Amino acid sequence: MEQVTEKTTKTGGVLGDMFRVGAHFAYSKARRHPTVSRYIFGAKNNVEIFDLEKTEELLLRAKEYVAKLALDRKQVLFVGGKNEAKDIVRQAALSLDMPFVAGRWIGGTLTNFSEIKKRIGRLEKLTEEKEKGELSKYTKREQLLLSREMDGLADVFGGLVTMKELPAALFVIDTRREHIAVKEAKKMNIPVIGLMNSDCDFTSAEYPILANDASIHSIAFFVNEIATTYASHKATLKQAVPAEDEGVGEK
């Protein structure tokens with residue numbers, strides 16, 4: 001462990017940041033998936049340690065892909081339903097106006113999207129009627145039932161309202177826990193960016209990021225890295241549009 005500490009704390013930038021949030025902590029050797037072995041640096045007190053230099057390489061590769069998605073104006077579905085991740089995932093997705101699932105994954109969200117769209121449409125219709133005061137035409141009992149229906153739909157599908165079509169990619173926190181989402185993405189040929197711990201299958205994501213996915217601080221760091229990358233490149237794209245328009249006007 002001394003080698004790990006010296007190796008990371010003497011290095012500034014992303015390596016130092018990852019070390020400070022505990023991104024290097026994996027699980028015990030008994031829980032390790034065979035596919036992640038070459039990303040393990042060592043162990044202390046039965047807790048394995050990730051090689052953060054390799055994690056940084058994986059993160060950079062994922063960020064390069066996210067930058068391309070932003071420049072191409074593609075949508076990313078954020079997925080993270082466990083307690084440590086759901087609030088972080090929700091806030092990041094909302095800041096980017098991206099869809100998210102911050103609770104239980106509903107089977108068929110991707111593979112049966114036509115039906116999911118109907119439920120989202122129903123939620124939007126009820127929300128619009130409520131905002132316009134149109135629910136007052138119903139009896140009190142009917143209003144109560146509609147309100148309950150709307151709340152139920154919002155809990156399940158509220159994060160998907162901005163998803164008008166299948167996303168270009170998924171950003172998943174803990175691919176082992178969210179294995180149904182990952183499986184659906186594979187079936188629909190949608191690339192997965194996955195923050196995964198040592199118990200996950202490295203091959204389950206096209207853009208894996210091996211790091212601690214059980215710590216709030218670690219999750220927040222990586223979600224912020226991905227979200228910030230998308231936001232910065234999206235902003236660059238927006239700035240380029242007026243410049244192009246101005247050039248056209250001069251001709």
# chains A, B, ... in the order shown; residues from 1 in each chain; ligands from 1
>>> closest_atom_pairs(of="region 161-251 of chain A", to="region 60-78 of chain A", cutoff="12 Å", atoms="only C-alpha atoms", output="CSV")
residue,atom,partner,partner_atom,distance
A:Val161,CA,A:Leu77,CA,11.4
A:Thr162,CA,A:Gln75,CA,9.4
A:Met163,CA,A:Gln75,CA,8.0
A:Lys164,CA,A:Gln75,CA,9.8
A:Glu165,CA,A:Gln75,CA,9.1
A:Leu166,CA,A:Gln75,CA,8.4
A:Pro167,CA,A:Gln75,CA,5.2
A:Ala168,CA,A:Gln75,CA,5.5
A:Ala169,CA,A:Val76,CA,5.0
A:Leu170,CA,A:Leu77,CA,4.7
A:Phe171,CA,A:Phe78,CA,4.9
A:Val172,CA,A:Phe78,CA,6.2
A:Ile173,CA,A:Phe78,CA,8.3
A:Asp174,CA,A:Phe78,CA,11.6
A:Glu178,CA,A:Phe78,CA,11.4
A:Ala181,CA,A:Leu77,CA,10.5
A:Val182,CA,A:Leu77,CA,11.6
A:Ala185,CA,A:Leu77,CA,10.5
A:Ile190,CA,A:Val76,CA,10.1
A:Pro191,CA,A:Val76,CA,9.9
A:Val192,CA,A:Val76,CA,9.6
A:Ile193,CA,A:Ala62,CA,6.7
A:Gly194,CA,A:Ala62,CA,8.9
A:Leu195,CA,A:Ala62,CA,10.0
A:Ala205,CA,A:Ala62,CA,10.5
A:Glu206,CA,A:Ala62,CA,8.9
A:Tyr207,CA,A:Ala62,CA,5.5
A:Pro208,CA,A:Ala62,CA,7.4
A:Ile209,CA,A:Ala62,CA,7.5
A:Leu210,CA,A:Ala62,CA,11.2
A:Phe222,CA,A:Lys63,CA,10.1
A:Val223,CA,A:Phe78,CA,9.3
A:Asn224,CA,A:Lys63,CA,11.0
A:Glu225,CA,A:Lys63,CA,7.7
A:Ile226,CA,A:Lys63,CA,6.1
A:Ala227,CA,A:Val66,CA,8.6
A:Thr228,CA,A:Lys63,CA,9.4
A:Thr229,CA,A:Ala67,CA,6.1
A:Tyr230,CA,A:Ala70,CA,5.3
A:Ala231,CA,A:Ala70,CA,7.5
A:Ser232,CA,A:Ala67,CA,8.3
A:His233,CA,A:Ala70,CA,5.8
A:Lys234,CA,A:Ala70,CA,5.2
A:Ala235,CA,A:Ala70,CA,9.0
A:Thr236,CA,A:Leu71,CA,8.2
A:Leu237,CA,A:Leu71,CA,6.2
A:Lys238,CA,A:Leu71,CA,9.4
A:Gln239,CA,A:Leu71,CA,11.6
A:Ala240,CA,A:Leu71,CA,10.7
A:Val241,CA,A:Leu71,CA,11.7
>>> select_by_dssp(residues="region 56-142 of chain A", states="strand (DSSP E or B)", output="MDAnalysis selection string")
chainID A and resid 76:79 100:101
>>> atom_distance(atom1="CA of Ile219 (chain A)", atom2="CA of Phe157 (chain A)")
23.1 Å
>>> atom_distance(atom1="CA of Val21 (chain A)", atom2="CA of Ser218 (chain A)")
5.1 Å
>>> atom_distance(atom1="CA of Ala154 (chain A)", atom2="CA of His179 (chain A)")
23.3 Å
>>> closest_residue(among="A:Ile40, A:Thr175, A:Leu145, A:Met150", to="Lys125 (chain A)", atoms="only C-alpha atoms")
A:Met150
>>> closest_residue(among="A:Asp155, A:Glu57, A:Glu142, A:Glu184", to="Val101 (chain A)", atoms="only C-alpha atoms")
A:Asp155
>>> select_by_dssp(residues="region 48-220 of chain A", states="helix (DSSP H, G or I)", output="PyMOL selection string")
chain A and resi 52-71+83-96+113-131+134-137+140-160+179-187+202-204+216-220
>>> closest_residue(among="A:Glu48, A:Lys29, A:Thr111, A:Thr127", to="Asn212 (chain A)", atoms="only C-alpha atoms")
A:Glu48
>>> closest_residue(among="A:Ala26, A:Met188, A:Lys183, A:Leu160", to="Ile116 (chain A)", atoms="only C-alpha atoms")
A:Leu160
>>> residues_around(residues="Glu53 (chain A)", least_positions_apart="4", cutoff="10 Å", atoms="only C-alpha atoms", output="ChimeraX atom specification")
/A:7-8,14-15,18,39,41,57-59
>>> residues_around(residues="Arg177 (chain A)", least_positions_apart="5", cutoff="12 Å", atoms="only C-alpha atoms", output="list in words")
Val79, Gly80, Gly81, Lys82, Asn83, Ala85, Gly103, Arg104, Trp105, Val172, Val182, Lys183, Gly194, Leu195, Met196, Asn197, Asp199, Cys200, Asp201, Ser204, Asp213 and Ala214 of chain A
>>> write_last_selection(atoms="C-alpha atoms", output="PDB file, in the first residue's frame")
ATOM      1  CA  VAL A  79     -28.223   5.137 -15.168  1.00  0.00           C
ATOM      2  CA  GLY A  80     -27.542   4.671 -11.466  1.00  0.00           C
ATOM      3  CA  GLY A  81     -30.172   3.310  -9.142  1.00  0.00           C
ATOM      4  CA  LYS A  82     -28.265   2.432  -6.001  1.00  0.00           C
ATOM      5  CA  ASN A  83     -28.445   4.742  -3.009  1.00  0.00           C
ATOM      6  CA  ALA A  85     -25.421   7.032  -6.965  1.00  0.00           C
ATOM      7  CA  GLY A 103     -34.143   4.126  -9.395  1.00  0.00           C
ATOM      8  CA  ARG A 104     -35.219   0.670 -10.479  1.00  0.00           C
ATOM      9  CA  TRP A 105     -34.608  -0.055 -14.134  1.00  0.00           C
ATOM     10  CA  VAL A 172     -23.950   3.368 -16.105  1.00  0.00           C
ATOM     11  CA  VAL A 182     -26.473  -3.175 -19.915  1.00  0.00           C
ATOM     12  CA  LYS A 183     -28.015  -6.265 -21.497  1.00  0.00           C
ATOM     13  CA  GLY A 194     -19.516   2.028 -17.305  1.00  0.00           C
ATOM     14  CA  LEU A 195     -18.087   2.977 -13.922  1.00  0.00           C
ATOM     15  CA  MET A 196     -17.357  -0.432 -12.465  1.00  0.00           C
ATOM     16  CA  ASN A 197     -15.690  -1.976  -9.449  1.00  0.00           C
ATOM     17  CA  ASP A 199     -16.671  -7.392  -9.155  1.00  0.00           C
ATOM     18  CA  CYS A 200     -17.850  -6.315 -12.618  1.00  0.00           C
ATOM     19  CA  ASP A 201     -17.185  -7.887 -15.998  1.00  0.00           C
ATOM     20  CA  SER A 204     -19.709  -5.515 -20.203  1.00  0.00           C
ATOM     21  CA  ASP A 213     -18.268   2.500  -7.526  1.00  0.00           C
ATOM     22  CA  ALA A 214     -19.382   2.091  -3.909  1.00  0.00           C
TER      23      ALA A 214
END
